[in-house]
Each structure stands twice: as C-alpha cells, then as structure tokens.
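**Student:** Just one file: input14.cif, with mmCIF, C-alpha atoms and all ligand atoms.
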data_start
loop_
_atom_site.label_atom_id
_atom_site.label_comp_id
_atom_site.auth_asym_id
_atom_site.auth_seq_id
_atom_site.Cartn_x
_atom_site.Cartn_y
_atom_site.Cartn_z
CA MET I 1 130.37 93.87 147.36
CA ALA I 2 127.18 95.38 148.68
CA ALA I 3 127.14 97.95 145.88
CA LEU I 4 126.87 95.18 143.29
CA GLY I 5 123.88 93.65 145.04
CA ALA I 6 121.68 96.41 143.74
CA ALA I 7 122.47 95.26 140.21
CA ALA I 8 121.41 91.65 140.68
CA PRO I 9 118.45 90.90 138.40
CA SER I 10 116.29 89.77 141.31
CA THR I 11 116.54 93.11 143.12
CA ALA I 12 117.03 95.48 140.23
CA GLY I 13 113.35 96.36 139.96
CA PRO I 14 112.76 99.50 137.89
CA ALA I 15 116.42 99.54 136.81
CA THR I 16 115.88 96.72 134.31
CA ARG I 17 112.95 98.25 132.44
CA ALA I 18 113.43 99.85 129.07
CA ILE I 19 113.79 103.61 129.42
CA ASP I 20 112.40 105.88 126.78
CA TRP I 21 111.53 109.53 126.25
CA GLN I 22 108.07 110.54 127.44
CA LEU I 23 106.13 113.79 127.64
CA ALA I 24 105.71 115.42 131.04
CA THR I 25 103.27 118.24 131.74
CA VAL I 26 104.42 120.94 134.12
CA THR I 27 101.60 121.16 136.68
CA ALA I 28 103.13 123.57 139.22
CA THR I 29 106.23 125.63 139.96
CA ARG I 30 107.52 126.86 143.30
CA ASP I 31 110.41 129.22 144.13
CA GLU I 32 112.70 127.65 146.73
CA THR I 33 115.27 130.48 146.83
CA PRO I 34 115.91 133.54 144.63
CA THR I 35 117.82 131.32 142.15
CA VAL I 36 116.25 127.89 142.65
CA ARG I 37 112.84 126.77 141.45
CA SER I 38 110.97 123.48 141.73
CA PHE I 39 108.79 122.08 138.96
CA THR I 40 106.12 119.43 139.41
CA LEU I 41 105.97 117.19 136.35
CA GLY I 42 102.81 115.22 135.69
CA LEU I 43 103.84 111.87 134.22
CA PRO I 44 100.92 109.54 133.52
CA GLY I 45 103.29 106.84 132.23
CA TRP I 46 105.77 107.07 135.11
CA THR I 47 106.72 103.66 136.45
CA GLY I 48 107.99 104.80 139.83
CA HIS I 49 111.47 105.64 141.03
CA ARG I 50 113.84 105.05 143.91
CA ALA I 51 115.09 107.88 146.12
CA GLY I 52 118.31 109.25 144.63
CA GLN I 53 117.52 108.62 140.98
CA HIS I 54 117.42 111.29 138.29
CA LEU I 55 115.79 111.95 134.97
CA ASP I 56 117.13 113.40 131.75
CA LEU I 57 115.37 116.39 130.29
CA ARG I 58 115.58 117.16 126.57
CA LEU I 59 114.89 120.50 124.91
CA THR I 60 114.55 120.54 121.14
CA ALA I 61 114.60 123.73 119.06
CA ALA I 62 112.50 124.24 115.94
CA ASP I 63 115.55 123.53 113.75
CA GLY I 64 116.04 120.14 115.40
CA TYR I 65 118.96 121.15 117.64
CA SER I 66 118.53 119.42 120.98
CA VAL I 67 120.21 119.52 124.35
CA GLU I 68 119.91 117.15 127.31
CA ARG I 69 120.60 117.68 131.02
CA SER I 70 120.15 115.47 134.06
CA TYR I 71 117.98 116.53 137.03
CA SER I 72 117.62 114.60 140.25
CA ILE I 73 114.15 113.65 141.41
CA ALA I 74 113.29 115.58 144.57
CA SER I 75 110.02 113.89 145.45
CA GLU I 76 109.61 110.66 147.38
CA PRO I 77 108.73 107.43 145.53
CA GLU I 78 105.42 107.26 147.44
CA ARG I 79 103.98 110.05 145.28
CA ALA I 80 102.48 108.44 142.19
CA GLY I 81 101.99 109.89 138.70
CA GLU I 82 104.17 112.96 139.22
CA VAL I 83 107.66 113.95 140.27
CA ASP I 84 109.28 117.17 141.45
CA ILE I 85 112.59 118.43 140.14
CA THR I 86 114.46 121.40 141.62
CA VAL I 87 116.64 123.45 139.33
CA GLU I 88 119.29 126.02 140.17
CA ARG I 89 119.56 128.80 137.63
CA ILE I 90 123.10 128.81 136.20
CA GLU I 91 123.88 132.18 134.59
CA GLY I 92 124.82 131.70 130.96
CA GLY I 93 123.64 128.10 130.96
CA GLU I 94 121.72 126.62 128.08
CA VAL I 95 118.99 124.75 129.92
CA SER I 96 118.47 126.01 133.48
CA PRO I 97 117.75 129.70 132.54
CA PHE I 98 115.23 128.45 129.97
CA LEU I 99 113.44 126.39 132.64
CA HIS I 100 113.36 129.42 134.95
CA GLU I 101 112.35 132.10 132.47
CA VAL I 102 110.22 130.34 129.90
CA VAL I 103 108.58 127.25 131.37
CA VAL I 104 105.17 127.74 133.03
CA PRO I 105 102.45 125.35 134.22
CA GLY I 106 100.75 123.68 131.26
CA ASP I 107 103.98 123.40 129.25
CA ARG I 108 105.18 120.00 128.13
CA LEU I 109 108.74 118.74 128.49
CA GLU I 110 110.46 115.62 127.19
CA VAL I 111 111.96 113.48 129.92
CA ARG I 112 113.65 110.08 130.16
CA GLY I 113 113.88 108.08 133.37
CA PRO I 114 114.06 107.14 136.14
CA ILE I 115 117.82 106.63 135.84
CA GLY I 116 120.40 105.38 138.30
CA GLY I 117 120.95 102.02 139.92
CA TYR I 118 123.77 103.16 142.16
CA PHE I 119 123.13 106.51 143.85
CA VAL I 120 119.94 105.25 145.46
CA TRP I 121 118.79 104.63 149.00
CA GLY I 122 115.91 102.77 150.59
CA ALA I 123 115.02 100.88 153.74
CA SER I 124 116.81 97.72 152.57
CA LEU I 125 120.16 99.56 152.61
CA GLY I 126 119.55 100.88 156.12
CA GLY I 127 121.79 103.27 158.04
CA PRO I 128 122.88 105.17 160.02
CA LEU I 129 122.83 107.68 157.21
CA LEU I 130 125.09 110.64 156.53
CA LEU I 131 123.91 112.92 153.74
CA VAL I 132 126.34 115.57 152.49
CA ALA I 133 125.02 118.23 150.14
CA GLY I 134 126.31 121.33 148.42
CA GLY I 135 123.68 123.69 146.97
CA SER I 136 121.36 121.91 144.55
CA GLY I 137 123.14 118.66 145.48
CA VAL I 138 120.54 118.48 148.24
CA VAL I 139 117.88 117.47 145.70
CA PRO I 140 118.35 113.66 145.55
CA LEU I 141 119.12 113.64 149.29
CA MET I 142 115.79 115.39 149.87
CA ALA I 143 114.08 112.53 148.05
CA MET I 144 115.78 110.18 150.54
CA ALA I 145 114.74 112.34 153.53
CA ARG I 146 111.16 112.61 152.27
CA HIS I 147 111.04 108.87 151.60
CA ARG I 148 112.42 108.15 155.07
CA ALA I 149 109.79 110.39 156.72
CA ARG I 150 106.90 109.22 154.54
CA ALA I 151 107.69 105.54 155.21
CA GLY I 152 107.90 106.21 158.96
CA MET I 153 111.55 105.16 159.22
CA THR I 154 113.60 106.15 162.27
CA ILE I 155 117.07 105.35 160.90
CA PRO I 156 119.44 107.92 162.45
CA THR I 157 120.16 110.42 159.68
CA ARG I 158 122.24 113.59 159.58
CA LEU I 159 122.28 116.00 156.65
CA LEU I 160 125.32 118.26 156.38
CA PHE I 161 124.22 120.99 154.01
CA SER I 162 126.48 123.65 152.52
CA SER I 163 124.84 126.80 151.13
CA ARG I 164 126.22 130.22 150.26
CA GLY I 165 123.92 132.21 152.54
CA PHE I 166 120.84 131.80 154.71
CA ASP I 167 118.40 132.89 151.99
CA GLU I 168 120.00 130.41 149.61
CA ILE I 169 119.19 127.36 151.73
CA ILE I 170 117.01 125.18 149.49
CA TYR I 171 113.98 123.53 151.24
CA ARG I 172 114.88 125.43 154.47
CA GLU I 173 111.46 125.35 156.11
CA GLU I 174 110.68 121.78 155.14
CA LEU I 175 114.06 120.66 156.50
CA GLU I 176 113.25 122.44 159.78
CA ARG I 177 109.94 120.57 159.95
CA LEU I 178 111.60 117.22 159.21
CA ALA I 179 114.19 117.86 161.91
CA ALA I 180 111.51 118.90 164.40
CA ALA I 181 109.63 115.62 163.98
CA GLY I 182 111.99 113.99 166.49
CA ASP I 183 112.33 110.77 164.50
CA GLY I 184 116.12 110.82 164.28
CA PHE I 185 116.58 113.28 161.41
CA GLU I 186 119.02 116.16 161.95
CA VAL I 187 120.20 119.00 159.72
CA ILE I 188 123.58 120.69 160.17
CA HIS I 189 124.06 123.80 158.03
CA THR I 190 127.21 125.51 156.91
CA LEU I 191 127.02 128.92 155.22
CA THR I 192 130.10 129.56 153.13
CA ARG I 193 129.75 133.21 152.12
CA GLN I 194 127.46 135.08 154.47
CA GLN I 195 126.16 134.23 157.90
CA PRO I 196 123.27 136.12 159.53
CA ALA I 197 123.86 137.83 162.89
CA GLY I 198 123.85 135.30 165.72
CA TRP I 199 124.45 132.34 163.37
CA THR I 200 125.51 129.31 165.39
CA GLY I 201 126.07 126.83 162.54
CA TYR I 202 129.27 126.31 160.60
CA GLY I 203 130.56 129.19 158.47
CA ARG I 204 133.06 127.61 156.09
CA ARG I 205 133.36 125.12 153.25
CA ILE I 206 132.96 121.47 154.13
CA ASP I 207 136.27 120.00 155.28
CA GLU I 208 137.56 116.90 157.03
CA SER I 209 137.25 118.20 160.60
CA MET I 210 133.66 119.28 159.98
CA LEU I 211 132.82 115.86 158.54
CA ALA I 212 134.52 114.18 161.51
CA GLU I 213 132.30 116.12 163.92
CA VAL I 214 129.12 115.43 161.99
CA LEU I 215 129.94 111.75 161.45
CA GLU I 216 131.00 111.05 165.03
CA PRO I 217 127.54 110.45 166.60
CA LEU I 218 126.58 108.12 163.73
CA GLY I 219 129.52 105.74 164.10
CA ALA I 220 131.67 103.57 161.86
CA SER I 221 128.87 101.62 160.16
CA THR I 222 127.44 104.79 158.58
CA ARG I 223 126.35 104.86 154.96
CA ALA I 224 127.23 108.15 153.26
CA TYR I 225 125.79 109.91 150.20
CA ALA I 226 127.53 113.02 148.91
CA CYS I 227 126.08 115.16 146.15
CA GLY I 228 126.73 118.55 144.62
CA PRO I 229 129.40 120.39 142.66
CA THR I 230 132.22 118.01 141.68
CA ALA I 231 134.84 119.83 143.80
CA LEU I 232 132.73 119.52 146.97
CA VAL I 233 131.92 115.85 146.38
CA GLU I 234 135.61 115.16 145.79
CA VAL I 235 136.59 116.76 149.12
CA ALA I 236 133.81 115.00 151.03
CA ALA I 237 134.41 111.52 149.60
CA ASN I 238 138.18 111.66 150.14
CA ALA I 239 137.75 112.95 153.71
CA LEU I 240 135.20 110.25 154.57
CA VAL I 241 137.62 107.55 153.38
CA ARG I 242 140.38 109.05 155.55
CA LEU I 243 137.93 109.11 158.48
CA GLY I 244 137.61 105.35 158.12
CA LEU I 245 134.38 104.77 156.19
CA PRO I 246 134.77 101.85 153.77
CA PRO I 247 134.69 103.19 150.18
CA ASP I 248 131.78 100.88 149.31
CA ARG I 249 129.63 102.69 151.89
CA ILE I 250 130.23 106.08 150.29
CA ARG I 251 128.17 106.88 147.23
CA THR I 252 128.63 110.01 145.19
CA GLU I 253 126.76 112.05 142.63
CA ARG I 254 128.78 114.82 141.00
CA PHE I 255 126.76 117.57 139.33
CA GLY I 256 129.72 119.02 137.42
CA PRO I 257 131.31 122.46 137.77
CA THR I 258 128.20 124.37 138.77
CA GLY I 259 126.78 125.31 142.13
CA THR I 260 128.08 126.51 145.49
CA MET O 261 148.65 103.95 138.91
CA ASP O 262 148.61 106.33 141.90
CA GLU O 263 150.41 108.98 139.86
CA ARG O 264 147.75 108.78 137.21
CA ILE O 265 145.03 109.31 139.81
CA ALA O 266 147.00 112.22 141.27
CA GLU O 267 147.29 113.65 137.76
CA MET O 268 143.57 113.24 137.24
CA ARG O 269 142.89 115.03 140.55
CA ASP O 270 145.27 117.92 139.74
CA ASP O 271 143.77 118.41 136.32
CA PRO O 272 141.43 121.43 136.40
CA ALA O 273 139.17 119.44 134.06
CA VAL O 274 138.43 117.15 137.01
CA ASP O 275 135.82 119.71 138.09
CA LEU O 276 133.98 118.85 134.93
CA THR O 277 133.80 115.14 135.65
CA VAL O 278 130.62 113.50 136.83
CA ASP O 279 129.76 109.96 137.90
CA GLY O 280 128.75 107.10 135.63
CA ASN O 281 125.19 107.77 136.74
CA ALA O 282 125.14 110.86 134.53
CA ILE O 283 125.27 108.78 131.32
CA GLY O 284 122.74 106.25 132.61
CA GLY O 285 120.04 107.63 130.35
CA MET O 286 122.28 107.62 127.28
CA LEU O 287 123.43 104.06 127.97
CA ALA O 288 119.85 102.95 128.66
CA THR O 289 118.80 104.21 125.26
CA MET O 290 121.66 102.19 123.71
CA PHE O 291 121.36 98.98 125.75
CA GLY O 292 117.64 99.06 126.50
CA VAL O 293 118.18 98.92 130.26
CA ASP O 294 119.79 101.02 132.97
CA VAL O 295 123.34 99.68 133.46
CA THR O 296 124.49 102.18 136.11
CA GLY O 297 124.11 99.57 138.85
CA SER O 298 125.87 96.89 136.81
CA PRO O 299 129.50 95.85 137.16
CA GLY O 300 132.11 96.41 134.49
CA GLN O 301 135.75 95.37 134.43
CA CYS O 302 138.64 97.65 133.49
CA ALA O 303 140.81 95.96 130.84
CA HIS O 304 143.89 97.79 132.12
CA CYS O 305 143.93 97.06 135.87
CA HIS O 306 141.15 94.43 135.98
CA THR O 307 139.28 96.21 138.77
CA VAL O 308 135.56 95.47 138.67
CA SER O 309 133.48 98.53 139.48
CA VAL O 310 129.87 99.53 139.21
CA VAL O 311 129.25 101.63 136.08
CA GLY O 312 127.67 104.33 138.28
CA THR O 313 131.02 104.82 140.05
CA MET O 314 133.09 105.30 136.91
CA ARG O 315 134.35 108.80 136.16
CA VAL O 316 132.73 110.48 133.20
CA TYR O 317 133.85 113.48 131.19
CA MET O 318 131.05 114.64 128.93
CA ARG O 319 131.80 118.27 128.07
CA GLY O 320 133.80 117.40 124.97
CA PRO O 321 132.50 116.33 121.56
CA GLY O 322 132.13 112.79 122.93
CA VAL O 323 131.87 111.05 126.26
CA VAL O 324 134.94 109.53 127.94
CA VAL O 325 134.49 107.02 130.77
CA ARG O 326 137.46 106.29 133.05
CA CYS O 327 138.19 103.55 135.59
CA PRO O 328 137.78 104.88 139.16
CA ALA O 329 140.78 102.78 140.29
CA CYS O 330 143.45 103.51 137.63
CA ALA O 331 141.96 106.42 135.64
CA GLN O 332 142.49 104.67 132.27
CA VAL O 333 139.83 105.00 129.59
CA VAL O 334 137.23 102.22 129.81
CA MET O 335 134.68 103.47 127.26
CA ARG O 336 134.27 106.19 124.67
CA ILE O 337 130.98 107.25 123.13
CA VAL O 338 130.88 109.51 120.09
CA LYS O 339 127.65 110.60 118.43
CA THR O 340 127.81 111.48 114.74
CA PRO O 341 125.05 112.41 112.32
CA THR O 342 125.05 108.83 111.00
CA GLY O 343 125.13 106.96 114.31
CA THR O 344 126.72 106.45 117.71
CA TYR O 345 130.21 104.96 118.04
CA LEU O 346 130.78 102.96 121.21
CA ASP O 347 134.41 102.07 121.93
CA VAL O 348 134.59 99.60 124.82
CA SER O 349 138.14 98.40 124.14
CA GLY O 350 139.11 99.52 127.66
CA ALA O 351 136.59 97.19 129.29
CA SER O 352 136.90 93.41 129.63
CA PHE O 353 133.16 93.19 130.24
CA VAL O 354 130.06 95.09 131.26
CA ARG O 355 127.22 93.01 132.61
CA ILE O 356 123.83 94.00 131.28
CA ALA O 357 121.07 92.75 133.56
CA ARG O 358 118.29 90.69 132.02
C1 LIG D 1 123.14 113.10 137.65
C2 LIG D 1 122.98 114.60 137.70
C3 LIG D 1 121.93 115.16 138.41
C4 LIG D 1 121.75 116.54 138.46
N1 LIG D 1 120.73 117.05 139.21
C5 LIG D 1 120.54 118.39 139.27
C6 LIG D 1 119.49 118.95 140.08
O1 LIG D 1 118.72 118.24 140.73
N2 LIG D 1 119.34 120.30 140.09
C7 LIG D 1 120.19 121.14 139.38
O2 LIG D 1 119.99 122.36 139.43
N3 LIG D 1 121.20 120.64 138.62
C8 LIG D 1 121.39 119.29 138.54
N4 LIG D 1 122.42 118.78 137.76
C9 LIG D 1 123.18 119.70 136.89
C10 LIG D 1 122.43 119.89 135.58
O3 LIG D 1 122.41 118.68 134.85
C11 LIG D 1 123.07 120.95 134.65
O4 LIG D 1 124.44 120.71 134.56
C12 LIG D 1 122.83 122.36 135.15
O5 LIG D 1 121.44 122.62 135.25
C13 LIG D 1 123.47 123.38 134.20
O6 LIG D 1 122.93 123.22 132.92
P1 LIG D 1 122.76 124.47 131.96
O7 LIG D 1 122.40 123.95 130.62
O8 LIG D 1 121.89 125.51 132.56
O9 LIG D 1 124.21 125.09 131.93
P2 LIG D 1 125.36 124.75 130.87
O10 LIG D 1 125.03 125.37 129.58
O11 LIG D 1 125.62 123.31 130.88
O12 LIG D 1 126.56 125.50 131.58
C14 LIG D 1 126.74 125.38 133.02
C15 LIG D 1 127.96 126.13 133.49
O13 LIG D 1 129.10 125.39 133.18
C16 LIG D 1 129.93 126.13 132.35
N5 LIG D 1 130.41 125.25 131.27
C17 LIG D 1 129.67 124.66 130.32
N6 LIG D 1 130.44 123.94 129.50
C18 LIG D 1 131.72 124.08 129.95
C19 LIG D 1 132.97 123.58 129.51
N7 LIG D 1 133.09 122.78 128.46
N8 LIG D 1 134.05 123.94 130.22
C20 LIG D 1 133.95 124.74 131.30
N9 LIG D 1 132.79 125.22 131.76
C21 LIG D 1 131.69 124.90 131.08
C22 LIG D 1 129.10 127.25 131.80
O14 LIG D 1 129.86 128.41 131.56
C23 LIG D 1 128.10 127.49 132.87
O15 LIG D 1 128.58 128.35 133.87
C24 LIG D 1 122.64 117.40 137.74
C25 LIG D 1 123.69 116.84 137.02
C26 LIG D 1 123.89 115.46 137.00
C27 LIG D 1 125.04 114.89 136.23
ZN ZN D 2 141.45 100.35 135.86
#
The structure given in the file should be rewritten as structure tokens.
Ligand SMILES: Cc1cc2nc3c(=O)[nH]c(=O)nc-3n(C[C@H](O)[C@H](O)[C@H](O)COP(=O)(O)OP(=O)(O)OC[C@H]3O[C@@H](n4cnc5c(N)ncnc54)[C@H](O)[C@@H]3O)c2cc1C
Ligand SMILES: [Zn+2]

**Tutor:**
Amino acid sequence: MAALGAAAPSTAGPATRAIDWQLATVTATRDETPTVRSFTLGLPGWTGHRAGQHLDLRLTAADGYSVERSYSIASEPERAGEVDITVERIEGGEVSPFLHEVVVPGDRLEVRGPIGGYFVWGASLGGPLLLVAGGSGVVPLMAMARHRARAGMTIPTRLLFSSRGFDEIIYREELERLAAAGDGFEVIHTLTRQQPAGWTGYGRRIDESMLAEVLEPLGASTRAYACGPTALVEVAANALVRLGLPPDRIRTERFGPTGT
Amino acid sequence: MDERIAEMRDDPAVDLTVDGNAIGGMLATMFGVDVTGSPGQCAHCHTVSVVGTMRVYMRGPGVVVRCPACAQVVMRIVKTPTGTYLDVSGASFVRIAR
C-alpha cells in the first residue's frame, strides 16, 4: 500500500503539524486568462508545503457570517515565505468573484494550511508521471511541474491539459517554457470548445482513447494525478484503471461542479 | 456493492462530490493534525482506505463522507451554533498520526 506510506509518522513531515488559521497579505496579483487570476500570499508563519497540497481560505463578513473554500497551492515548495494561488472566477459564486473584484495587493486574507497528505508528489514518489488537468485543475499539477523543474528532476512527465479555448489556457507561456527546457516535460493540450486556425492538438473532451495515446510513451509503471471538475476527474480515473494502471497509482483531486 | 457504486455514479449529485482532501482543513482543526494521508476502515465492507480518497459531499447542511469501495456512509459532520457533531459510526477506525 504505497499510498499509506505517506501517512507513516516517520515520513509525514508537515502533515502532522497542527494547522491553524493565519493571516496572509496579498503581495501581488496576475491575470492568467480573462477569467483566471493568481494571487501571491505573503505568509511569514508558513511552514512549507508539498507540491499538490491546498489551503483553505476564509472570508468573514462584518456580521460574523463566514465562508470557506479550498484553493490549491500553485507555487513550488522551494519558494519560502509566500505561496501563489490561482483562482477561476465562477459566475454567481460566493468567494471567487470577491477575490477577483475586491481583493488587491495589501489586503489581508485568513488562510489555513498546508492541507493534504494524499494528493501530493515529490521526488521520493518518482515517475514516470502523467498529469491530467481540466481548467483550474492544473493548479496543483503546476506546483508539481514547477517543483520538478526547480529541483532539476528529469522524471519523464506528460501533462494532458483540457481547456475551453486557446486564450483560456492557464499558465500557457510558462508551460511552453517548461516544455522547451528539454528535460523530459511535455504538454499535450486539448481545446474543447474553440480551436484556433491551424490547431494541431486535440479538440475534444478527455476520453479513454486520448488518455491511451498520451499514456503510451510513459508505460505501465506510470503514476497519474488527475485534477479538475469532478466529472472530468471521474472520466479520467475510470479510463486509467481500464487502461491498466493500478488504482493505487492514480491520485485524484475533485474540485466540485465548477470549471471546464 | 457494485450496484450502490453504479447508483452513486448515476446520481447527478455525484458532480458535487469531492475527495477527502477537501475536508482536510476541517478535520485538522478538529483532530489537531492533517488526517488526509491516514488510513480509515469502513465499518460496512471493512475496506481500509486513505481518508484523502474517500468521497465527500459537502454542499448540504453537513458533510457526508462515503467509502470509496462500497459507497456507504463512513462519517458525518454537522456544525451547529453550539458545537460540531462528528458521527463516525460508519468507521471501524481512523488512524491519527502522532
Ligand atoms: C481541494 C480543492 C482545491 C481547489 N483548488 C482550486 C484552485 O486551485 N483554483 C480554483 O479556482 N478553484 C479551486 N477549487 C474550487 C474552489 O474551492 C471553489 O469551489 C470555487 O472557487 C467556487 O467557489 P465560489 O464560492 O466562487 O462559488 P460557489 O458559491 O461555491 O458556487 C460555485 C458554483 O457551484 C454552484 N453551486 C453552489 N452550490 C451548489 C449546490 N448546492 N448545488 C448545485 N450547484 C451549486 C453555483 O451555482 C456556482 O455556479 C478547489 C476545490 C477543492 C475541493
Ligand atoms: Zn465500505
């Protein structure tokens, strides 16, 4: 049971520390796409995270009403004292429109984390690595890709990334740079709604035959991480099992109904 | 057991489910540590699975946690103005790391 190994007290690391609410200061924001924005959170008391973990963010109104949402950590563990989160604006949502419209650098936000002892990846888990993302589901996988690059790892890694259209590809330029480094990192895009003229990537929702093609060069000992809207993660995880990956090598993070 | 999983998959509410990871913060506040990487055993089918792999429905008034193998309820968490109710009658154990 490799998955249980991560829970053993000797290797649990940050997972066994008490987790409490702390104040983060927004130090920068960056638009990734027309509907997705990244926020850099300065966290002097941050104890470090593992790639794939998330934090909880809490908003409290003057009358005491409060609401919490989870956001994956986008930045690599090597960056100390601050983390990036990347938030898709969900129309009609309680929290994400507030983050987009109201929050500016200098604001303080309550966060709790890092959280997650299961949907995590690091050198000790190894590869080859298949990352499957839908929309903002790319966020924790980006932390893994950034960690892999920053630590100089050459583990063969393929990211299958589903977006609605070309302009909606989150981290597009950085992903191009990572893929151009020639250290074994590849990105395969699929655009589900609109493809630009001359598009040579996939142009449909992620399905079993697409996963078979993307998985093939990596082989049967691949470790897979799938993240995004629940429906997409469901399809990907079931297809990967049918393609022969052992269930304990497939880890999932469902974001709920939102997204692509 | 398979029918119950099929039922769970056909249920439109399945789109609203997330993984056990999503309640990691809530559980950490209750237990003092992150238990998403810890094993728990389903009292119904006795499958041991990592808390982070359990299926969580959290859009209702409370949180319902289901076994990934048999889809039975393993845990329920309900927050009230006076406190938090934790019903773990569907679990034989959850290991909390030291
Ligand atoms: C572990 C984890 C990590 C995540 N990481 C990220 C991330 O990195 N980036 C990111 O953008 N998001 C992430 N999410 C999703 C995020 O937590 C929020 O769900 C998202 O931002 C929407 O929150 P909101 O308050 O804006 O919208 P909400 O107010 O929650 O509403 C969202 C949508 O769901 C619908 N909805 C709400 N309640 C119901 C209901 N009961 N029944 C049916 N439909 C309903 C609403 O109509 C709306 O369209 C993550 C989720 C999890 C669990
Ligand atoms: Zn069970």

**Student:** What would the list of residues within 7 Å of (123.3, 103.5, 147.4) (file frame) look like as a ChimeraX atom specification, if all atoms listed in the file are what count?

**Tutor:** /I:3,118-121,251

**Student:** Which residue is closest to ligand LIG 1 (chain D)? Choose from I:Arg37, I:Arg58, I:Arg69, I:His100 and count all atoms listed in the file.

**Tutor:**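 Of all the options, I:Arg69 lies closest to ligand LIG 1 (chain D).
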
**Student:** Find the distance between atom CA of His49 of chain I and atom CA of Thr230 of chain I and write it in Å to one decimal.

**Tutor:**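 Pair atom CA of His49 of chain I / atom CA of Thr230 of chain I returns 24.2 Å.
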
**Student:** Could you list the residues in chain O lying within 12 Å of chain I, using all atoms listed in the file, and format the result as an MDAnalysis selection string?

**Tutor:** chainID O and resid 268:300 308:319 328:329 341 354:358

**Student:** Go ahead and compute the interatomic distance for atom CA of Arg108 of chain I and atom CA of Thr25 of chain I, in Å to one decimal.

**Tutor:**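 Distance reported for this atom pair: 4.4 Å.
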
**Student:** Given a cut-off of 10 Å, what residues near ligand ZN 2 (chain D) show up using only C-alpha atoms and all ligand atoms, put as a PyMOL selection string?

**Tutor:** chain O and resi 261+301-309+314+326-334+350-351

**Student:** Using C-alpha atoms, can you write the selected residues to a file as a short mmCIF file (atom, residue, chain, number, x, y, z; two decimals), keeping the file's coordinate frame?

**Tutor:**
data_model
loop_
_atom_site.label_atom_id
_atom_site.label_comp_id
_atom_site.auth_asym_id
_atom_site.auth_seq_id
_atom_site.Cartn_x
_atom_site.Cartn_y
_atom_site.Cartn_z
CA MET O 261 148.65 103.95 138.91
CA GLN O 301 135.75 95.37 134.43
CA CYS O 302 138.64 97.65 133.49
CA ALA O 303 140.81 95.96 130.84
CA HIS O 304 143.89 97.79 132.12
CA CYS O 305 143.93 97.06 135.87
CA HIS O 306 141.15 94.43 135.98
CA THR O 307 139.28 96.21 138.77
CA VAL O 308 135.56 95.47 138.67
CA SER O 309 133.48 98.53 139.48
CA MET O 314 133.09 105.30 136.91
CA ARG O 326 137.46 106.29 133.05
CA CYS O 327 138.19 103.55 135.59
CA PRO O 328 137.78 104.88 139.16
CA ALA O 329 140.78 102.78 140.29
CA CYS O 330 143.45 103.51 137.63
CA ALA O 331 141.96 106.42 135.64
CA GLN O 332 142.49 104.67 132.27
CA VAL O 333 139.83 105.00 129.59
CA VAL O 334 137.23 102.22 129.81
CA GLY O 350 139.11 99.52 127.66
CA ALA O 351 136.59 97.19 129.29
#
